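Next comes input_28.csv, a file with CSV, C-alpha atoms and all ligand atoms.
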chain,number,residue,atom,x,y,z
A,1,MET,CA,120.0,59.9,67.5
A,2,ARG,CA,121.3,63.0,65.8
A,3,LEU,CA,120.2,64.6,62.5
A,4,GLN,CA,122.7,66.7,60.6
A,5,LEU,CA,121.2,69.4,58.4
A,6,GLU,CA,122.6,71.7,55.8
A,7,GLY,CA,124.6,74.5,57.2
A,8,GLY,CA,126.0,72.4,60.1
A,9,GLN,CA,122.9,72.5,62.2
A,10,GLU,CA,122.3,69.4,64.4
A,11,ILE,CA,119.1,68.1,66.0
A,12,SER,CA,119.2,65.4,68.8
A,13,LEU,CA,116.2,63.3,69.5
A,14,ARG,CA,115.0,59.9,70.7
A,15,LEU,CA,113.1,57.6,68.4
A,16,ALA,CA,112.3,53.9,68.7
A,17,GLU,CA,114.3,51.6,66.4
A,18,ASN,CA,111.0,50.8,64.6
A,19,ALA,CA,109.6,54.3,64.5
A,20,PRO,CA,108.0,55.1,61.1
A,21,GLU,CA,109.7,58.5,61.2
A,22,LEU,CA,113.2,56.8,61.4
A,23,MET,CA,112.3,54.7,58.3
A,24,THR,CA,111.2,57.9,56.5
A,25,LEU,CA,114.5,59.6,57.2
A,26,PHE,CA,116.4,56.6,55.8
A,27,GLN,CA,114.2,56.4,52.8
A,28,ILE,CA,114.8,60.1,52.1
A,29,LEU,CA,118.6,59.5,52.2
A,30,GLY,CA,118.3,56.2,50.3
A,31,SER,CA,116.2,57.7,47.5
A,32,ARG,CA,119.0,60.2,46.5
A,33,GLY,CA,121.5,59.4,43.7
A,34,GLY,CA,119.3,56.9,41.9
A,35,ASP,CA,117.6,57.3,38.6
A,36,VAL,CA,114.2,58.0,40.2
A,37,GLU,CA,113.1,61.3,41.7
A,38,PRO,CA,114.4,61.7,45.3
A,39,MET,CA,111.7,61.7,48.0
A,40,GLU,CA,110.8,65.3,48.9
A,41,GLN,CA,108.7,66.2,51.9
A,42,PHE,CA,108.2,68.6,54.8
A,43,LEU,CA,109.1,66.9,58.1
A,44,GLN,CA,108.1,67.4,61.7
A,45,LEU,CA,109.7,65.3,64.4
A,46,PRO,CA,108.9,65.3,68.1
A,47,LEU,CA,111.5,66.7,70.5
A,48,GLU,CA,111.6,66.4,74.3
A,49,GLY,CA,108.9,63.8,74.5
A,50,GLY,CA,106.5,65.9,72.4
A,51,GLU,CA,107.0,69.2,74.3
A,52,ALA,CA,108.7,70.6,71.1
A,53,ALA,CA,109.0,69.8,67.5
A,54,ALA,CA,111.7,70.2,64.8
A,55,SER,CA,110.4,71.2,61.3
A,56,PHE,CA,112.5,71.1,58.2
A,57,HIS,CA,112.4,70.1,54.6
A,58,SER,CA,113.8,66.7,53.4
A,59,ARG,CA,116.2,68.6,51.1
A,60,GLN,CA,118.0,70.0,54.2
A,61,LEU,CA,118.8,66.5,55.6
A,62,VAL,CA,122.5,65.6,55.3
A,63,SER,CA,122.9,62.5,57.5
A,64,VAL,CA,121.3,60.4,60.3
A,65,ILE,CA,123.5,59.2,63.2
A,66,THR,CA,121.9,56.5,65.3
A,67,GLU,CA,122.9,54.9,68.6
A,68,PRO,CA,122.8,51.8,68.5
A,69,PRO,CA,123.5,51.4,64.8
A,70,VAL,CA,120.4,50.7,62.6
A,71,ILE,CA,121.2,49.0,59.4
A,72,VAL,CA,118.8,49.3,56.5
A,73,ARG,CA,119.0,47.8,53.0
A,74,LEU,CA,117.1,49.9,50.4
A,75,GLU,CA,117.5,47.8,47.3
A,76,THR,CA,115.1,49.1,44.8
A,77,PRO,CA,113.5,52.5,44.3
A,78,GLN,CA,110.1,50.8,45.0
A,79,ALA,CA,111.4,49.3,48.3
A,80,ALA,CA,112.1,52.8,49.4
A,81,HIS,CA,108.3,53.4,49.7
A,82,PRO,CA,107.1,50.6,51.9
A,83,ALA,CA,103.4,49.7,51.8
A,84,ALA,CA,101.9,47.3,54.3
A,85,ASP,CA,100.2,45.3,51.5
A,86,ARG,CA,103.5,44.6,49.6
A,87,PRO,CA,105.2,41.2,50.2
A,88,ALA,CA,107.8,41.1,53.0
A,89,GLU,CA,110.7,40.6,50.5
A,90,ALA,CA,109.8,44.0,48.9
A,91,GLN,CA,110.2,45.8,52.2
A,92,PRO,CA,113.4,47.2,53.7
A,93,ALA,CA,115.2,44.8,56.1
A,94,VAL,CA,116.3,46.3,59.4
A,95,VAL,CA,118.6,44.7,62.0
A,96,HIS,CA,117.5,45.2,65.6
A,97,THR,CA,119.7,44.7,68.6
A,98,PRO,CA,117.2,43.9,71.4
A,99,ARG,CA,117.0,46.1,74.3
A,100,TYR,CA,117.0,44.6,77.8
A,101,LEU,CA,116.9,45.9,81.3
A,102,VAL,CA,118.7,44.5,84.4
A,103,ILE,CA,117.7,45.4,88.0
A,104,GLU,CA,120.1,44.1,90.6
A,105,ASP,CA,119.0,43.3,94.2
A,106,PHE,CA,115.5,43.1,93.0
A,107,LEU,CA,114.2,41.6,96.3
A,108,SER,CA,115.4,42.3,99.8
A,109,VAL,CA,118.0,40.0,101.3
A,110,ASP,CA,115.3,38.2,103.4
A,111,GLU,CA,112.9,37.9,100.5
A,112,HIS,CA,115.6,36.5,98.2
A,113,GLU,CA,116.6,33.9,100.9
A,114,ASP,CA,112.9,33.0,101.3
A,115,MET,CA,112.6,32.4,97.6
A,116,LEU,CA,115.4,29.9,97.7
A,117,ALA,CA,113.9,28.2,100.7
A,118,TYR,CA,110.6,27.9,98.8
A,119,ALA,CA,112.3,26.2,95.8
A,120,LEU,CA,114.2,23.8,98.1
A,121,GLN,CA,111.1,22.8,100.1
A,122,HIS,CA,109.1,22.2,96.9
A,123,GLU,CA,111.5,19.9,95.0
A,124,GLU,CA,108.8,17.3,94.7
A,125,GLU,CA,106.5,19.6,92.7
A,126,PHE,CA,109.0,20.2,89.9
A,127,GLU,CA,108.2,18.4,86.6
A,128,SER,CA,110.1,18.1,83.3
A,129,GLY,CA,109.8,21.4,81.4
A,130,THR,CA,107.7,21.2,78.3
A,131,VAL,CA,107.1,23.4,75.2
A,132,GLU,CA,103.4,23.7,74.3
A,133,GLY,CA,102.5,20.8,76.5
A,134,LYS,CA,105.0,18.3,75.1
A,135,ALA,CA,108.3,17.1,76.6
A,136,SER,CA,110.8,18.2,74.1
A,137,PRO,CA,114.5,18.0,73.3
A,138,HIS,CA,114.1,21.7,72.8
A,139,ARG,CA,114.0,22.3,76.5
A,140,GLN,CA,115.5,20.4,79.4
A,141,ASN,CA,114.9,21.7,82.9
A,142,GLN,CA,112.4,21.2,85.8
A,143,VAL,CA,109.4,23.5,86.2
A,144,ILE,CA,106.6,24.3,88.6
A,145,MET,CA,104.0,25.5,86.1
A,146,GLY,CA,101.3,26.7,88.6
A,147,PHE,CA,103.7,28.9,90.5
A,148,ALA,CA,101.6,32.0,89.7
A,149,GLU,CA,99.1,31.1,92.4
A,150,THR,CA,101.6,31.2,95.2
A,151,ALA,CA,102.3,34.0,97.7
A,152,HIS,CA,106.0,33.9,96.5
A,153,SER,CA,104.9,34.6,92.9
A,154,ARG,CA,102.6,37.4,94.1
A,155,LEU,CA,105.4,39.1,95.9
A,156,LEU,CA,107.4,39.1,92.7
A,157,GLN,CA,104.4,40.3,90.7
A,158,ASN,CA,103.8,43.1,93.1
A,159,ARG,CA,107.3,44.3,92.9
A,160,LEU,CA,107.4,43.9,89.2
A,161,LEU,CA,104.3,45.9,88.5
A,162,THR,CA,105.5,48.8,90.5
A,163,TRP,CA,108.3,48.9,88.0
A,164,LEU,CA,106.1,48.6,84.9
A,165,PRO,CA,106.0,52.2,83.7
A,166,HIS,CA,109.8,52.3,83.8
A,167,LEU,CA,110.0,48.9,82.0
A,168,THR,CA,107.8,49.9,79.1
A,169,ARG,CA,109.5,53.3,78.8
A,170,GLU,CA,113.0,51.8,78.7
A,171,LEU,CA,112.0,49.0,76.3
A,172,ASP,CA,110.3,51.4,73.9
A,173,LEU,CA,106.9,49.9,74.4
A,174,ALA,CA,103.7,51.9,74.7
A,175,PRO,CA,102.0,51.4,78.1
A,176,PHE,CA,99.5,48.6,77.8
A,177,PRO,CA,96.6,47.3,80.0
A,178,LEU,CA,97.3,44.0,81.7
A,179,ARG,CA,95.2,40.9,81.2
A,180,HIS,CA,97.3,38.5,83.2
A,181,VAL,CA,100.7,37.7,84.7
A,182,GLU,CA,101.8,34.2,83.9
A,183,SER,CA,104.7,32.8,85.9
A,184,GLN,CA,106.8,29.6,86.1
A,185,LEU,CA,109.5,28.6,88.5
A,186,THR,CA,112.3,26.6,86.9
A,187,ALA,CA,115.3,24.7,88.2
A,188,SER,CA,118.1,24.0,85.8
A,189,ASN,CA,120.8,21.5,86.7
A,190,ASP,CA,123.7,19.6,85.1
A,191,GLY,CA,123.2,19.3,81.3
A,192,HIS,CA,120.0,21.4,81.2
A,193,TYR,CA,119.3,24.0,78.5
A,194,TYR,CA,116.5,25.8,76.6
A,195,ARG,CA,117.2,26.2,72.9
A,196,LEU,CA,116.6,29.3,70.8
A,197,HIS,CA,113.0,30.4,71.0
A,198,SER,CA,110.8,33.4,71.4
A,199,ASP,CA,108.1,33.6,74.1
A,200,ALA,CA,105.5,35.4,72.0
A,201,GLY,CA,104.2,35.4,68.5
A,202,GLY,CA,103.6,39.1,68.2
A,203,ASP,CA,102.4,42.3,69.8
A,204,GLN,CA,98.7,41.8,69.3
A,205,ALA,CA,96.4,42.1,72.3
A,206,GLY,CA,96.4,39.0,74.5
A,207,ALA,CA,100.0,38.4,73.6
A,208,ARG,CA,103.0,38.1,76.0
A,209,MET,CA,104.5,41.5,75.9
A,210,LEU,CA,107.4,41.4,78.4
A,211,THR,CA,109.5,38.5,79.8
A,212,CYS,CA,110.8,39.2,83.3
A,213,VAL,CA,113.2,36.6,84.6
A,214,TYR,CA,114.2,36.6,88.3
A,215,TYR,CA,117.3,34.6,89.2
A,216,PHE,CA,118.2,33.1,92.5
A,217,PHE,CA,120.7,30.4,93.6
A,218,ARG,CA,123.1,29.5,96.3
A,219,GLN,CA,126.4,31.4,96.7
A,220,PRO,CA,129.1,30.9,95.7
A,221,ARG,CA,127.5,30.0,92.4
A,222,PRO,CA,127.4,26.2,92.4
A,223,PHE,CA,127.2,25.8,88.6
A,224,SER,CA,128.8,27.2,85.5
A,225,GLY,CA,127.2,28.0,82.1
A,226,GLY,CA,123.5,28.9,82.1
A,227,ALA,CA,124.0,32.3,80.4
A,228,LEU,CA,121.0,33.7,78.5
A,229,ARG,CA,121.7,34.9,74.9
A,230,LEU,CA,119.5,37.6,73.4
A,231,TYR,CA,119.8,37.4,69.6
A,232,ASP,CA,119.8,40.3,67.1
A,233,VAL,CA,116.9,40.0,64.7
A,234,LEU,CA,116.5,40.9,61.0
A,235,GLU,CA,113.0,42.5,60.6
A,236,GLN,CA,111.4,42.7,57.2
A,237,GLY,CA,107.7,43.6,57.1
A,238,GLU,CA,106.0,41.3,59.4
A,239,ARG,CA,108.9,38.8,59.4
A,240,ARG,CA,111.4,38.5,62.2
A,241,MET,CA,114.4,36.2,61.7
A,242,PRO,CA,117.0,35.7,64.4
A,243,MET,CA,120.6,36.4,63.4
A,244,THR,CA,123.8,34.7,64.6
A,245,SER,CA,124.9,37.7,66.6
A,246,TYR,CA,123.8,38.0,70.3
A,247,ARG,CA,124.4,39.6,73.7
A,248,GLU,CA,125.1,37.1,76.5
A,249,LEU,CA,123.9,37.7,80.0
A,250,GLU,CA,125.2,35.8,83.0
A,251,PRO,CA,122.6,34.8,85.6
A,252,VAL,CA,123.2,36.8,88.8
A,253,SER,CA,121.4,35.8,92.0
A,254,ASN,CA,118.7,38.3,93.0
A,255,ARG,CA,118.7,39.9,89.6
A,256,LEU,CA,115.7,40.7,87.4
A,257,LEU,CA,116.2,40.6,83.6
A,258,VAL,CA,113.5,42.1,81.4
A,259,PHE,CA,113.2,42.0,77.6
A,260,ARG,CA,110.3,42.1,75.1
A,261,SER,CA,108.8,38.6,74.8
A,262,HIS,CA,109.2,38.5,71.0
A,263,VAL,CA,113.0,38.7,71.3
A,264,HIS,CA,114.7,35.4,70.4
A,265,HIS,CA,116.7,34.0,73.2
A,266,GLU,CA,118.5,30.8,74.3
A,267,LEU,CA,119.5,29.4,77.7
A,268,MET,CA,123.0,27.9,77.4
A,269,ARG,CA,123.8,24.5,78.9
A,270,ILE,CA,124.4,24.4,82.6
A,271,ARG,CA,127.2,22.5,84.2
A,272,CYS,CA,126.5,21.6,87.8
A,273,PRO,CA,129.2,19.1,89.1
A,274,SER,CA,127.4,18.2,92.3
A,275,ARG,CA,124.1,17.5,90.5
A,276,GLN,CA,122.3,18.4,93.7
A,277,PHE,CA,118.9,19.9,93.3
A,278,ALA,CA,119.8,22.5,95.8
A,279,ASP,CA,122.7,23.7,93.6
A,280,SER,CA,120.4,24.4,90.6
A,281,ARG,CA,120.1,27.6,88.7
A,282,PHE,CA,116.6,28.8,89.8
A,283,ALA,CA,114.6,31.3,87.9
A,284,VAL,CA,111.1,32.6,87.9
A,285,THR,CA,109.9,33.6,84.4
A,286,ASN,CA,107.1,36.1,84.5
A,287,TRP,CA,105.2,37.1,81.4
A,288,LEU,CA,103.1,40.3,81.3
A,289,ILE,CA,100.2,39.7,79.0
A,290,SER,CA,98.2,42.6,77.4
A,291,THR,CA,94.5,42.9,76.7
A,292,ASP,CA,92.4,45.1,74.4
A,293,GLN,CA,89.4,44.8,76.8
A,294,PRO,CA,90.8,46.2,80.1
A,295,ASP,CA,88.9,45.2,83.2
A,296,PRO,CA,89.0,48.2,85.7
A,297,GLN,CA,88.2,45.8,88.5
A,298,ALA,CA,91.0,43.4,87.9
A,299,GLY,CA,93.6,43.4,90.7
A,300,PHE,CA,97.2,42.4,90.2
A,301,GLY,CA,100.1,41.8,92.6
A,302,TRP,CA,98.7,41.5,96.1
A,303,GLY,CA,95.4,42.6,94.5
A,304,GLN,CA,95.8,46.3,95.0
A,305,LEU,CA,97.4,47.2,91.7
A,306,ARG,CA,94.8,48.2,89.1
A,307,CYS,CA,96.7,47.8,85.8
A,308,GLY,CA,93.5,47.0,83.9
A,309,ALA,CA,92.7,50.5,82.9
A,310,VAL,CA,93.1,54.2,83.7
A,311,PRO,CA,90.3,55.0,86.2
A,312,ALA,CA,87.6,57.3,84.6
A,313,GLN,CA,88.5,60.3,86.8
A,314,PHE,CA,92.0,60.4,85.3
A,315,GLU,CA,91.0,59.9,81.6
A,316,VAL,CA,92.0,62.9,79.5
B,401,LIG,O1,116.0,31.1,82.5
B,401,LIG,C1,116.2,32.0,81.7
B,401,LIG,O2,117.3,32.7,81.7
B,401,LIG,C2,115.2,32.2,80.6
B,401,LIG,C3,114.1,31.2,80.6
B,401,LIG,C4,113.2,31.2,79.4
B,401,LIG,O3,113.7,31.5,78.3
B,401,LIG,C5,111.8,30.9,79.5
B,401,LIG,O4,111.4,30.5,80.6
B,401,LIG,O5,111.1,31.1,78.5
B,402,FE,FE,111.9,32.0,77.0
Produce structure tokens that represent the structure in this file.
Amino acid sequence: MRLQLEGGQEISLRLAENAPELMTLFQILGSRGGDVEPMEQFLQLPLEGGEAAASFHSRQLVSVITEPPVIVRLETPQAAHPAADRPAEAQPAVVHTPRYLVIEDFLSVDEHEDMLAYALQHEEEFESGTVEGKASPHRQNQVIMGFAETAHSRLLQNRLLTWLPHLTRELDLAPFPLRHVESQLTASNDGHYYRLHSDAGGDQAGARMLTCVYYFFRQPRPFSGGALRLYDVLEQGERRMPMTSYRELEPVSNRLLVFRSHVHHELMRIRCPSRQFADSRFAVTNWLISTDQPDPQAGFGWGQLRCGAVPAQFEV
């Protein structure tokens, strides 16, 4: 984002969409021109990842330019000074376009082929997908729930966790210690879908933090449809409401797609004319689950990755 100051000076910096500093900047602009006193304060914002700082007075601020756009509604003078104890309706509403990350050719050619071979050999183990233990019209596809215990899942986990620092940085998430990686293998065939949902309730410890979906299927693609929609969300206080606008991502074989687990998403209906199991849209969904009691001994991936905690000798 860029800040324009009086006298034509410009400051460029990176802030998360939900950073309190960003909200303060909007509140300063929004508080002007009303019949209450405009907000006045001395501001210091981090530059270059905290290596430098920009200091100025709120009176100098002319405008805020964000990429992507962040839309705020500041309706009443009181709403311009949010307090955590105020009801959600009294807090400013912000539209967020969810970030996501795509990594193509996530596995090697052989590993990718082997993943497909695994799915085809284990057709018998797939069961109807459920939501919270119940078969549901909300979701229709076939799942191997206990996939996390397999060597194939560990291969994915291992690869995934080597990417973790990059994933958290790109998705504006503070690094977190891992409690667990949960994983499901799904096969979606003709008529299958998974309606609008979010994979996590919130960001508290023990919650699913990141959803990492690995896609694989025969080539040329034997089905149509099956895109994943990531919905924009209107955030107000603690409330998160999906909007009707979305980004649509086509499944691509050997691609990893990563987004924050609280993002609302929807798997669009698949059309697979052959109806053959082998022609399904296969996906492994991996959820990275955080903890507030890191276990330094816990091993992830093949067992050698210690994402439980920073070893004592590296603590600062
Ligand atoms: O298969 C996909 O693209 C997403 C699946 C999904 O939303 C889930 O497993 O929770
Ligand atoms: Fe999901």
Contacts of Leu257 in chain A at 12 Å (all atoms listed in the file; same-chain gap of 5+ positions) as a PyMOL selection string: chain A and resi 99-106+160+167+171+210-216+227-230+248-252+283-287
Residues within 6 Å of range 38-51 of chain A, all atoms listed in the file, excluding chain neighbours under 6 positions, as a list in words: Leu13, Ile28, Ser31, Arg32, His57 and Ser58 of chain A
Protein and nucleic residues near ligand FE 402 (chain B), 7 Å, only C-alpha atoms and all ligand atoms, as a ChimeraX atom specification: /A:197-199,265
Could you write out as lines of an AutoDock Vina configuration file the box around ligand LIG 401 (chain B) (axis-aligned, all atoms listed in the file, 3 Å on each side), with centre and edge lengths in Å to one decimal?
center_x = 114.2
center_y = 31.6
center_z = 80.4
size_x = 12.2
size_y = 8.2
size_z = 10.2
Interatomic distance (Å, one decimal) between CA of Ile144 in chain A and CA of Gln121 in chain A: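 Those two atoms sit 12.4 Å apart.
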Residue contacts of Ile71 in chain A (12 Å, all atoms listed in the file) excluding same-chain residues fewer than 5 positions away, as a list in words: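 Counting only the stated atoms, we get Glu17, Asn18, Leu22, Met23, Phe26, Gly30, Val64, Ile65, Thr66, Pro92, Ala93, Val94, Val95, His96, Thr97, Asp232, Val233, Leu234, Glu235 and Gln236 of chain A.
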Residue contacts of range 147-158 of chain A (12 Å, only C-alpha atoms) excluding same-chain residues fewer than 5 positions away, as a PyMOL selection string: chain A and resi 106-108+111-119+122+125-126+163-164+180-186+212-215+254-256+283-288+299-307
Nearby residues, (120.7, 24.3, 93.7) file frame, 10 Å, all atoms listed in the file, as a PyMOL selection string: chain A and resi 116+119-120+187-189+216-219+221-223+272+274-282
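Taking all atoms listed in the file, the non-local environment of Arg139 in chain A within 9 Å (same-chain residues fewer than 4 positions away omitted) comprises Ser128, Gly129, Thr130, Val131, Ala135, His192, Tyr193, Tyr194 and Arg195 of chain A.
Distances here use only C-alpha atoms and all ligand atoms; by that measure, the residue among A:Ala298, A:Arg179, A:Val143, A:Asp190 closest to ligand LIG 401 (chain B) is A:Val143.
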One-decimal distance in Å that lies between CA of Gln142 in chain A and atom O1 of ligand LIG 401 (chain B): 11.0 Å
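Interatomic distance, CA of Gln313 in chain A against CA of Gln297 in chain A: 14.6 Å.
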Among listed residues A:Asp295, A:Glu266, A:Glu21, A:Glu10, nearest ligand LIG 401 (chain B) (using all atoms listed in the file):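 Among the listed residues, the smallest separation from ligand LIG 401 (chain B) belongs to A:Glu266.
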Pick from A:Phe259, A:Phe176, A:Phe56, A:Tyr246, whichever lies nearest to ligand LIG 401 (chain B) using all atoms listed in the file: A:Phe259
Option closest in space to Asn141 in chain A, from A:Ile270, A:Ile11, A:Ala200, A:Leu3 [counting all atoms listed in the file]: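 Checking each candidate against Asn141 in chain A, we get A:Ile270 as the closest.
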Nearest-residue call for ligand LIG 401 (chain B), choices A:Leu196, A:Leu161, A:Val72, A:Leu173, using all atoms listed in the file: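 Counting all atoms listed in the file, the residue closest to ligand LIG 401 (chain B) is A:Leu196.
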